[in-house]
$ cat upload_39.pdb   # PDB, C-alpha atoms and all ligand atoms
MODEL        1
ATOM      1  CA  MET A   1       8.036  -1.319 -11.411  1.00  0.00           C
ATOM      2  CA  MET A   2       8.932   0.229  -8.095  1.00  0.00           C
ATOM      3  CA  ILE A   3       6.894   3.090  -6.777  1.00  0.00           C
ATOM      4  CA  LYS A   4       8.257   5.388  -4.141  1.00  0.00           C
ATOM      5  CA  ILE A   5       6.010   6.192  -1.220  1.00  0.00           C
ATOM      6  CA  THR A   6       6.764   8.754   1.431  1.00  0.00           C
ATOM      7  CA  CYS A   7       5.408   7.736   4.793  1.00  0.00           C
ATOM      8  CA  PRO A   8       2.967  10.399   5.989  1.00  0.00           C
ATOM      9  CA  SER A   9       3.765   9.501   9.553  1.00  0.00           C
ATOM     10  CA  CYS A  10       7.572   9.691   9.686  1.00  0.00           C
ATOM     11  CA  GLY A  11       8.481  11.021   6.233  1.00  0.00           C
ATOM     12  CA  VAL A  12      10.811   8.189   5.291  1.00  0.00           C
ATOM     13  CA  ASP A  13      10.805   6.951   1.700  1.00  0.00           C
ATOM     14  CA  GLY A  14       9.688   3.438   1.062  1.00  0.00           C
ATOM     15  CA  SER A  15       8.997   1.592  -2.137  1.00  0.00           C
ATOM     16  CA  LEU A  16       6.381  -0.777  -3.325  1.00  0.00           C
ATOM     17  CA  SER A  17       6.806  -3.144  -6.234  1.00  0.00           C
ATOM     18  CA  MET A  18       3.818  -2.997  -8.491  1.00  0.00           C
ATOM     19  CA  LEU A  19       2.499  -4.547 -11.651  1.00  0.00           C
ATOM     20  CA  GLU A  20       0.400  -1.543 -12.556  1.00  0.00           C
ATOM     21  CA  PRO A  21       0.803   2.192 -11.898  1.00  0.00           C
ATOM     22  CA  SER A  22      -2.520   2.202 -10.088  1.00  0.00           C
ATOM     23  CA  TYR A  23      -2.941   0.554  -6.747  1.00  0.00           C
ATOM     24  CA  GLN A  24      -5.391   0.560  -3.914  1.00  0.00           C
ATOM     25  CA  GLY A  25      -4.394  -1.457  -0.947  1.00  0.00           C
ATOM     26  CA  PRO A  26      -2.415  -1.832   2.233  1.00  0.00           C
ATOM     27  CA  TYR A  27       0.977  -0.257   2.845  1.00  0.00           C
ATOM     28  CA  LYS A  28       3.253  -0.663   5.839  1.00  0.00           C
ATOM     29  CA  CYS A  29       6.111   1.695   6.556  1.00  0.00           C
ATOM     30  CA  TRP A  30       9.341  -0.273   7.008  1.00  0.00           C
ATOM     31  CA  LYS A  31      10.662   2.251   9.483  1.00  0.00           C
ATOM     32  CA  CYS A  32       7.923   3.355  11.857  1.00  0.00           C
ATOM     33  CA  ARG A  33       5.622   0.408  11.068  1.00  0.00           C
ATOM     34  CA  ALA A  34       2.657   2.666  10.548  1.00  0.00           C
ATOM     35  CA  LEU A  35      -0.142   1.028   8.608  1.00  0.00           C
ATOM     36  CA  PHE A  36      -2.002   2.742   5.812  1.00  0.00           C
ATOM     37  CA  LYS A  37      -4.511   2.164   3.121  1.00  0.00           C
ATOM     38  CA  ILE A  38      -3.147   3.892   0.053  1.00  0.00           C
ATOM     39  CA  HIS A  39      -4.534   4.824  -3.318  1.00  0.00           C
ATOM     40  CA  LEU A  40      -2.094   5.319  -6.173  1.00  0.00           C
ATOM     41  CA  GLU A  41      -2.918   6.540  -9.610  1.00  0.00           C
ATOM     42  CA  ASN A  42      -0.274   6.786 -12.326  1.00  0.00           C
ATOM     43  CA  SER A  43       2.397   6.276  -9.666  1.00  0.00           C
ATOM     44  CA  GLU A  44       1.093   9.217  -7.672  1.00  0.00           C
ATOM     45  CA  LEU A  45      -0.248   8.989  -4.166  1.00  0.00           C
ATOM     46  CA  LYS A  46      -3.853  10.129  -4.251  1.00  0.00           C
ATOM     47  CA  SER A  47      -4.982   9.237  -0.789  1.00  0.00           C
ATOM     48  CA  CYS A  48      -3.694   7.676   2.339  1.00  0.00           C
ATOM     49  CA  GLU A  49      -5.636   6.631   5.419  1.00  0.00           C
ATOM     50  CA  PRO A  50      -4.190   5.301   8.632  1.00  0.00           C
ATOM     51  CA  LEU A  51      -5.324   1.788   9.509  1.00  0.00           C
ATOM     52  CA  SER A  52      -5.539  -0.273  12.644  1.00  0.00           C
ATOM     53  CA  GLN A  53      -3.710  -3.600  12.752  1.00  0.00           C
ATOM     54  CA  GLU A  54      -6.995  -5.433  12.375  1.00  0.00           C
ATOM     55  CA  GLU A  55      -8.102  -3.407   9.358  1.00  0.00           C
ATOM     56  CA  PHE A  56      -4.680  -3.751   7.789  1.00  0.00           C
ATOM     57  CA  GLU A  57      -4.740  -7.533   8.036  1.00  0.00           C
ATOM     58  CA  LYS A  58      -8.208  -7.687   6.577  1.00  0.00           C
ATOM     59  CA  LEU A  59      -7.184  -5.478   3.673  1.00  0.00           C
ATOM     60  CA  GLN A  60      -4.027  -7.481   3.087  1.00  0.00           C
ATOM     61  CA  GLU A  61      -6.083 -10.647   2.896  1.00  0.00           C
ATOM     62  CA  ILE A  62      -8.483  -9.138   0.373  1.00  0.00           C
ATOM     63  CA  HIS A  63      -5.599  -7.780  -1.649  1.00  0.00           C
ATOM     64  CA  ALA A  64      -3.811 -11.134  -1.688  1.00  0.00           C
ATOM     65  CA  LEU A  65      -6.979 -12.806  -2.911  1.00  0.00           C
ATOM     66  CA  LYS A  66      -7.422 -10.228  -5.665  1.00  0.00           C
ATOM     67  CA  THR A  67      -3.831 -10.588  -6.812  1.00  0.00           C
ATOM     68  CA  LYS A  68      -4.153 -14.359  -6.839  1.00  0.00           C
ATOM     69  CA  PHE A  69      -7.369 -14.167  -8.786  1.00  0.00           C
ATOM     70  CA  LYS A  70      -5.793 -11.878 -11.391  1.00  0.00           C
ATOM     71  CA  LYS A  71      -2.901 -14.254 -11.991  1.00  0.00           C
ATOM     72  CA  GLU A  72      -5.050 -17.308 -12.568  1.00  0.00           C
TER      73      GLU A  72
HETATM   74 ZN    ZN B   1       6.957   5.755   8.632  1.00  0.00          ZN
ENDMDL
END
$ encode --input "upload_39.pdb" --output "structure tokens"
Amino acid sequence: MMIKITCPSCGVDGSLSMLEPSYQGPYKCWKCRALFKIHLENSELKSCEPLSQEEFEKLQEIHALKTKFKKE
């Protein structure tokens, strides 16, 4: 499924492809390249925190590991 996310920084709509309607992880705006940690529940944005590049990469790594682990 695709979930629509409105960038809190520039207001542009982006989308994220997701296996589940709940998600907690990194998000990068395609337009302004702002980095966020987002929390989605039932396809609704519950929280959104700005991240530094370093934090974003760390989170992305953790998320990739989790996703990999789930698949196996
Ligand atoms: Zn943006």
$ closest_residue --input "upload_39.pdb" --among "A:Lys37, A:Met2, A:Gly14, A:Pro8" --to "A:His63" --atoms "all atoms listed in the file"
A:Lys37
$ resolve_selection --input "upload_39.pdb" --expression "the PyMOL selection byres (((chain A and resi 30) around 10) and not hetatm)" --output "ChimeraX atom specification"
/A:7,12-15,27-29,31-35
$ write_last_selection --input "upload_39.pdb" --atoms "C-alpha atoms" --output "short mmCIF file (atom, residue, chain, number, x, y, z; two decimals), in the frame of the given file"
data_model
loop_
_atom_site.label_atom_id
_atom_site.label_comp_id
_atom_site.auth_asym_id
_atom_site.auth_seq_id
_atom_site.Cartn_x
_atom_site.Cartn_y
_atom_site.Cartn_z
CA CYS A 7 5.41 7.74 4.79
CA VAL A 12 10.81 8.19 5.29
CA ASP A 13 10.80 6.95 1.70
CA GLY A 14 9.69 3.44 1.06
CA SER A 15 9.00 1.59 -2.14
CA TYR A 27 0.98 -0.26 2.84
CA LYS A 28 3.25 -0.66 5.84
CA CYS A 29 6.11 1.70 6.56
CA LYS A 31 10.66 2.25 9.48
CA CYS A 32 7.92 3.36 11.86
CA ARG A 33 5.62 0.41 11.07
CA ALA A 34 2.66 2.67 10.55
CA LEU A 35 -0.14 1.03 8.61
#
$ resolve_selection --input "upload_39.pdb" --expression "the PyMOL selection byres (((chain A and resi 39-46) around 8) and not hetatm)" --output "ChimeraX atom specification"
/A:3,5,21-25,37-38,47-48
$ atom_distance --input "upload_39.pdb" --atom1 "atom CA of A:Pro26" --atom2 "atom CA of A:Thr6"
14.0 Å
$ resolve_selection --input "upload_39.pdb" --expression "the PyMOL selection byres (((chain A and resi 67-69) around 12) and not hetatm)" --output "ChimeraX atom specification"
/A:18-20,23-25,60-66,70-72
$ write_last_selection --input "upload_39.pdb" --atoms "C-alpha atoms" --output "PDB file, in the coordinates of the input"
ATOM      1  CA  MET A  18       3.818  -2.997  -8.491  1.00  0.00           C
ATOM      2  CA  LEU A  19       2.499  -4.547 -11.651  1.00  0.00           C
ATOM      3  CA  GLU A  20       0.400  -1.543 -12.556  1.00  0.00           C
ATOM      4  CA  TYR A  23      -2.941   0.554  -6.747  1.00  0.00           C
ATOM      5  CA  GLN A  24      -5.391   0.560  -3.914  1.00  0.00           C
ATOM      6  CA  GLY A  25      -4.394  -1.457  -0.947  1.00  0.00           C
ATOM      7  CA  GLN A  60      -4.027  -7.481   3.087  1.00  0.00           C
ATOM      8  CA  GLU A  61      -6.083 -10.647   2.896  1.00  0.00           C
ATOM      9  CA  ILE A  62      -8.483  -9.138   0.373  1.00  0.00           C
ATOM     10  CA  HIS A  63      -5.599  -7.780  -1.649  1.00  0.00           C
ATOM     11  CA  ALA A  64      -3.811 -11.134  -1.688  1.00  0.00           C
ATOM     12  CA  LEU A  65      -6.979 -12.806  -2.911  1.00  0.00           C
ATOM     13  CA  LYS A  66      -7.422 -10.228  -5.665  1.00  0.00           C
ATOM     14  CA  LYS A  70      -5.793 -11.878 -11.391  1.00  0.00           C
ATOM     15  CA  LYS A  71      -2.901 -14.254 -11.991  1.00  0.00           C
ATOM     16  CA  GLU A  72      -5.050 -17.308 -12.568  1.00  0.00           C
TER      17      GLU A  72
END
$ atom_distance --input "upload_39.pdb" --atom1 "atom CA of A:Lys4" --atom2 "atom CA of A:Gln53"
22.6 Å
$ closest_residue --input "upload_39.pdb" --among "A:Met1, A:Glu55, A:Ser9, A:Pro50" --to "ligand ZN 1 (chain B)" --atoms "all atoms listed in the file"
A:Ser9
$ closest_residue --input "upload_39.pdb" --among "A:Leu16, A:Leu51, A:Leu59, A:Cys10" --to "ligand ZN 1 (chain B)" --atoms "all atoms listed in the file"
A:Cys10
$ decode --input "upload_39.pdb" --residues "stretch 17-58 of chain A" --atoms "C-alpha atoms" --output "PDB file, in the first residue's frame"
ATOM      1  CA  SER A  17       5.170   2.212   0.181  1.00  0.00           C
ATOM      2  CA  MET A  18       4.358   0.120   3.182  1.00  0.00           C
ATOM      3  CA  LEU A  19       3.542  -3.433   4.099  1.00  0.00           C
ATOM      4  CA  GLU A  20       1.552  -2.461   7.156  1.00  0.00           C
ATOM      5  CA  PRO A  21      -0.546   0.606   8.013  1.00  0.00           C
ATOM      6  CA  SER A  22       1.674   1.250  11.010  1.00  0.00           C
ATOM      7  CA  TYR A  23       5.210   2.433  10.616  1.00  0.00           C
ATOM      8  CA  GLN A  24       7.896   3.972  12.724  1.00  0.00           C
ATOM      9  CA  GLY A  25      11.001   4.919  10.900  1.00  0.00           C
ATOM     10  CA  PRO A  26      12.898   7.315   8.705  1.00  0.00           C
ATOM     11  CA  TYR A  27      11.317   9.478   6.025  1.00  0.00           C
ATOM     12  CA  LYS A  28      13.018  11.780   3.552  1.00  0.00           C
ATOM     13  CA  CYS A  29      11.153  14.441   1.634  1.00  0.00           C
ATOM     14  CA  TRP A  30      11.822  14.068  -2.097  1.00  0.00           C
ATOM     15  CA  LYS A  31      11.521  17.791  -2.636  1.00  0.00           C
ATOM     16  CA  CYS A  32      13.252  19.689   0.150  1.00  0.00           C
ATOM     17  CA  ARG A  33      15.291  16.688   1.349  1.00  0.00           C
ATOM     18  CA  ALA A  34      14.308  17.261   4.936  1.00  0.00           C
ATOM     19  CA  LEU A  35      14.831  14.227   7.127  1.00  0.00           C
ATOM     20  CA  PHE A  36      12.292  13.029   9.645  1.00  0.00           C
ATOM     21  CA  LYS A  37      11.513  10.233  11.979  1.00  0.00           C
ATOM     22  CA  ILE A  38       7.844   9.484  11.497  1.00  0.00           C
ATOM     23  CA  HIS A  39       5.277   7.442  13.342  1.00  0.00           C
ATOM     24  CA  LEU A  40       2.252   6.223  11.416  1.00  0.00           C
ATOM     25  CA  GLU A  41      -0.712   4.440  12.837  1.00  0.00           C
ATOM     26  CA  ASN A  42      -3.537   3.191  10.625  1.00  0.00           C
ATOM     27  CA  SER A  43      -2.114   5.262   7.770  1.00  0.00           C
ATOM     28  CA  GLU A  44      -2.265   8.410   9.865  1.00  0.00           C
ATOM     29  CA  LEU A  45       0.723  10.488  10.809  1.00  0.00           C
ATOM     30  CA  LYS A  46       0.960  10.492  14.585  1.00  0.00           C
ATOM     31  CA  SER A  47       4.291  12.132  15.105  1.00  0.00           C
ATOM     32  CA  CYS A  48       7.127  13.556  13.154  1.00  0.00           C
ATOM     33  CA  GLU A  49      10.525  14.662  14.409  1.00  0.00           C
ATOM     34  CA  PRO A  50      13.224  16.334  12.384  1.00  0.00           C
ATOM     35  CA  LEU A  51      16.462  14.365  12.184  1.00  0.00           C
ATOM     36  CA  SER A  52      20.064  15.164  11.469  1.00  0.00           C
ATOM     37  CA  GLN A  53      21.785  13.354   8.608  1.00  0.00           C
ATOM     38  CA  GLU A  54      23.669  11.205  11.084  1.00  0.00           C
ATOM     39  CA  GLU A  55      20.555  10.208  13.017  1.00  0.00           C
ATOM     40  CA  PHE A  56      18.693   9.531   9.798  1.00  0.00           C
ATOM     41  CA  GLU A  57      21.355   7.142   8.541  1.00  0.00           C
ATOM     42  CA  LYS A  58      21.438   5.322  11.836  1.00  0.00           C
TER      43      LYS A  58
END
